[in-house]
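> Provided herewith is a single structure, encoded as structure tokens, for subsequent inquiry.
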Amino acid sequence: MIPFSDFDTRGYPTVDVASGYGAWAQTYEGTVEDLMDIDLLERLSGPEWASVRRAADLGCGTGRTGAWLREKGARGVDGVDLTPEMLAIAEEKGAHESLRVGDATDSGFEGGAYDLVISSLIDEHLPDVGPLYEEAARLARPGGWLVMVTFHPQFMITTGMPTHYTDKRGRSFTIATHLHLVSDHVKAAVAAGWQLREMHEGVVDDRWVELKPKWAKFRSTPVSAVYAWQK
């Protein structure tokens, strides 16, 4: 594993995942852009979202992904996340049938019961992505899908930018960040029995530069990626 500390240009104090997202929860949705994740989900040709009867939303956070799935016609979504403060916001959205505090790699959900397992922007907080792919394989029914949105390692290496937030006093903190290469995802997924059906990468383009003018120097650098796997 390549340590992210080799590339970190910020040097912010680092906090654990639950503490960091607990402190970030109230401002999170104002800082995460749809270009990072929703735009990539919209590009996928499969699965057919409206045919999803049950979905497991691993690391569901404030419920952004769950709400998007329901808008697309998914009928039932169960969510799990480490952070009660994030789940409280997801509860207000009302997109999930159930929400629980727990680990995305050990959700406690029923095995073999889900048409879709989805996870968005949590891989950089895991020391090893293998357990996430294994848990998704446990949850998915035969023929089921895993859709995973990840931070792109090239963006993390090029920019040296960890996942971070600014608190009410203007102090910036890094939430424990790990670097996973594309090959790390592929090897872990294949080992867990997944077959890759589709992948897209989002790059810094005019839309990103309009939102974040300082990112102009990173133009054409991949920011995030989406993988669609089938069991």
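For the structure tokens, the naming scheme is as follows: chains receive sequential letters (A, B, ...) according to their order of presentation, residues are indexed from 1 within each chain, and ligands are indexed from 1 in presentation order.
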Can you pull out the residues contacting Leu44 (chain A)? Cut-off 9 Å, using only C-alpha atoms, and skip same-chain residues under 2 positions away; I want them as a list in words.
Leu40, Leu41, Glu42, Gly46, Pro47, Glu198, Met199, His200, Val226, Tyr227 and Ala228 of chain A
> Which residues of region 123-208 of chain A have any atom within 10 Å of an atom in region 27-31 of chain A when counting only C-alpha atoms, and what is the closest pair of atoms for each, with the distance in Å to one decimal? Order the rows by chain and rising number and write it as CSV.

```
residue,atom,partner,partner_atom,distance
A:Tyr165,CA,A:Tyr28,CA,8.3
A:Thr166,CA,A:Thr27,CA,9.1
A:Asp167,CA,A:Thr27,CA,9.1
A:Lys168,CA,A:Thr27,CA,9.7
```
> Quote the spacing between CA of Ser172 (chain A) and CA of Pro13 (chain A) in Å to one decimal place.
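About the pair CA of Ser172 (chain A) and CA of Pro13 (chain A): they are 7.6 Å apart.
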> Could you check how far CA of Arg75 (chain A) sits from CA of Ala50 (chain A), in Å to one decimal?
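About the pair CA of Arg75 (chain A) and CA of Ala50 (chain A): they are 7.5 Å apart.
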> For Thr158 (chain A), which residue out of A:Pro222, A:Gly61, A:Pro131, A:Gly94 is the nearest one, using only C-alpha atoms?
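Among the listed residues, the smallest separation from Thr158 (chain A) belongs to A:Pro222.
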> Which of region 93-214 of chain A end up as helix (DSSP H, G or I) when DSSP is run on this backbone - answer as number ranges by chain?
A: 93, 123-125, 130-139, 153-159, 182-191, 206-211, 213-214
> Between A:Trp68, A:Phe155, A:Tyr21, A:Trp49, single out the one closest to Ile122 (chain A), counting only C-alpha atoms.
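Nearest candidate to Ile122 (chain A) out of A:Trp68, A:Phe155, A:Tyr21, A:Trp49: A:Tyr21.
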> Quick one: pick out all strand (DSSP E or B) residues within region 56-132 of chain A from a backbone DSSP run and write them as a PyMOL selection string.
chain A and resi 56-58+77-81+98-101+103+106+114-120
> List as a ChimeraX atom specification the protein and nucleic acid residues near His185 (chain A), meaning an atom at most 9 Å away when only C-alpha atoms are counted, but skip any in the same chain fewer than 4 places from it.
/A:129-130,133,180-181,189-190
> Could those selected residues go to a file with N, CA, C and O atoms, as a compact mmCIF listing (two decimals), in the first residue's frame?

```
# COMPACT_ATOMS: atom_id res chain seq x y z
N VAL A 129 -9.26 -1.87 0.81
CA VAL A 129 -10.59 -1.91 0.19
C VAL A 129 -11.14 -3.33 0.08
O VAL A 129 -12.33 -3.51 -0.20
N GLY A 130 -10.31 -4.34 0.32
CA GLY A 130 -10.76 -5.72 0.21
C GLY A 130 -12.00 -6.03 1.01
O GLY A 130 -12.97 -6.61 0.48
N TYR A 133 -15.29 -4.80 -0.65
CA TYR A 133 -15.75 -5.62 -1.77
C TYR A 133 -16.30 -6.96 -1.28
O TYR A 133 -17.28 -7.48 -1.82
N HIS A 180 -5.59 4.43 -2.63
CA HIS A 180 -5.81 3.13 -3.26
C HIS A 180 -5.69 3.28 -4.77
O HIS A 180 -6.43 4.06 -5.37
N LEU A 181 -4.79 2.54 -5.36
CA LEU A 181 -4.63 2.56 -6.80
C LEU A 181 -5.82 1.88 -7.48
O LEU A 181 -6.54 1.10 -6.85
N ALA A 189 -11.80 -6.54 -6.04
CA ALA A 189 -13.11 -6.89 -6.58
C ALA A 189 -13.10 -8.28 -7.21
O ALA A 189 -14.00 -9.09 -6.97
N VAL A 190 -12.10 -8.56 -8.01
CA VAL A 190 -12.02 -9.87 -8.66
C VAL A 190 -11.89 -10.97 -7.61
O VAL A 190 -12.53 -12.03 -7.72
```
> Need to verify the contact set: His96 (chain A), 7 Å, only C-alpha atoms, exclusion of same-chain residues closer than 4 positions in sequence. Can you return it as number ranges by chain?
A: 66, 76-79
> Restricting the output to N, CA and C atoms, write the selected residues as a PDB file, in the first residue's frame.

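Written output follows (out34.pdb):
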```pdb
ATOM      1  N   GLY A  66     -28.690   7.788  -1.410  1.00  0.00           N
ATOM      2  CA  GLY A  66     -29.986   7.146  -1.236  1.00  0.00           C
ATOM      3  C   GLY A  66     -31.108   7.959  -1.837  1.00  0.00           C
ATOM      4  N   GLY A  76     -36.425   0.311  -2.402  1.00  0.00           N
ATOM      5  CA  GLY A  76     -36.066   0.213  -0.992  1.00  0.00           C
ATOM      6  C   GLY A  76     -34.573   0.343  -0.804  1.00  0.00           C
ATOM      7  N   VAL A  77     -34.147   1.224   0.093  1.00  0.00           N
ATOM      8  CA  VAL A  77     -32.728   1.449   0.322  1.00  0.00           C
ATOM      9  C   VAL A  77     -32.452   1.377   1.824  1.00  0.00           C
ATOM     10  N   ASP A  78     -31.508   0.535   2.204  1.00  0.00           N
ATOM     11  CA  ASP A  78     -31.046   0.451   3.591  1.00  0.00           C
ATOM     12  C   ASP A  78     -29.670   1.096   3.683  1.00  0.00           C
ATOM     13  N   GLY A  79     -29.450   1.905   4.710  1.00  0.00           N
ATOM     14  CA  GLY A  79     -28.186   2.617   4.837  1.00  0.00           C
ATOM     15  C   GLY A  79     -27.471   2.326   6.133  1.00  0.00           C
TER      16      GLY A  79
END
```
> Env of Leu146 (chain A): 9 Å cut, atoms = only C-alpha atoms, seq-sep filter 3 positions within chain, self excluded. Answer as a PyMOL selection string.
chain A and resi 115-119+133+136-137+140+194+227-231
> Since we have the selection now, will you write its residues out, keeping N, CA and C atoms, as an mmCIF file, in the first residue's frame?

```
data_model
loop_
_atom_site.group_PDB
_atom_site.id
_atom_site.type_symbol
_atom_site.label_atom_id
_atom_site.label_comp_id
_atom_site.auth_asym_id
_atom_site.auth_seq_id
_atom_site.Cartn_x
_atom_site.Cartn_y
_atom_site.Cartn_z
ATOM 1 N N ASP A 115 -30.385 -6.367 -4.675
ATOM 2 C CA ASP A 115 -30.162 -6.225 -6.112
ATOM 3 C C ASP A 115 -28.971 -5.326 -6.390
ATOM 4 N N LEU A 116 -28.747 -4.376 -5.486
ATOM 5 C CA LEU A 116 -27.697 -3.380 -5.674
ATOM 6 C C LEU A 116 -27.033 -3.080 -4.339
ATOM 7 N N VAL A 117 -25.717 -3.046 -4.371
ATOM 8 C CA VAL A 117 -24.934 -2.505 -3.265
ATOM 9 C C VAL A 117 -24.224 -1.278 -3.815
ATOM 10 N N ILE A 118 -24.275 -0.183 -3.102
ATOM 11 C CA ILE A 118 -23.684 1.048 -3.598
ATOM 12 C C ILE A 118 -22.860 1.692 -2.486
ATOM 13 N N SER A 119 -21.750 2.298 -2.887
ATOM 14 C CA SER A 119 -20.862 2.958 -1.927
ATOM 15 C C SER A 119 -20.233 4.147 -2.623
ATOM 16 N N TYR A 133 -15.287 -4.801 -0.652
ATOM 17 C CA TYR A 133 -15.751 -5.624 -1.770
ATOM 18 C C TYR A 133 -16.297 -6.960 -1.279
ATOM 19 N N ALA A 136 -19.771 -6.367 0.187
ATOM 20 C CA ALA A 136 -20.723 -6.153 -0.894
ATOM 21 C C ALA A 136 -21.103 -7.475 -1.552
ATOM 22 N N ALA A 137 -20.115 -8.361 -1.732
ATOM 23 C CA ALA A 137 -20.392 -9.670 -2.328
ATOM 24 C C ALA A 137 -21.285 -10.510 -1.420
ATOM 25 N N ALA A 140 -24.985 -8.993 -1.902
ATOM 26 C CA ALA A 140 -25.635 -9.009 -3.209
ATOM 27 C C ALA A 140 -26.191 -10.390 -3.552
ATOM 28 N N TRP A 194 -16.389 -10.368 -8.206
ATOM 29 C CA TRP A 194 -17.077 -9.370 -9.024
ATOM 30 C C TRP A 194 -16.497 -9.324 -10.431
ATOM 31 N N TYR A 227 -17.157 2.638 -10.664
ATOM 32 C CA TYR A 227 -17.058 1.266 -11.146
ATOM 33 C C TYR A 227 -18.435 0.619 -11.001
ATOM 34 N N ALA A 228 -18.854 -0.104 -12.028
ATOM 35 C CA ALA A 228 -20.078 -0.906 -11.949
ATOM 36 C C ALA A 228 -19.681 -2.361 -12.114
ATOM 37 N N TRP A 229 -19.863 -3.127 -11.047
ATOM 38 C CA TRP A 229 -19.485 -4.543 -11.015
ATOM 39 C C TRP A 229 -20.752 -5.394 -10.937
ATOM 40 N N GLN A 230 -20.668 -6.614 -11.447
ATOM 41 C CA GLN A 230 -21.802 -7.534 -11.325
ATOM 42 C C GLN A 230 -21.326 -8.856 -10.763
ATOM 43 N N LYS A 231 -22.155 -9.446 -9.904
ATOM 44 C CA LYS A 231 -21.812 -10.696 -9.231
ATOM 45 C C LYS A 231 -22.198 -11.896 -10.096
#
```
> Please determine, counting only C-alpha atoms, which residue among A:Trp208, A:Leu99, A:Lys214, A:Met86 has the shortest atom-to-atom distance to Asp39 (chain A).
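The shortest atom-to-atom distance to Asp39 (chain A) comes from A:Trp208.
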> For Asp103 (chain A), please output as JSON, numbers by chain all residues within 8 Å (counting only C-alpha atoms; exclusion window: fewer than 6 positions along the same chain).
{"A": [59, 80, 81, 82]}
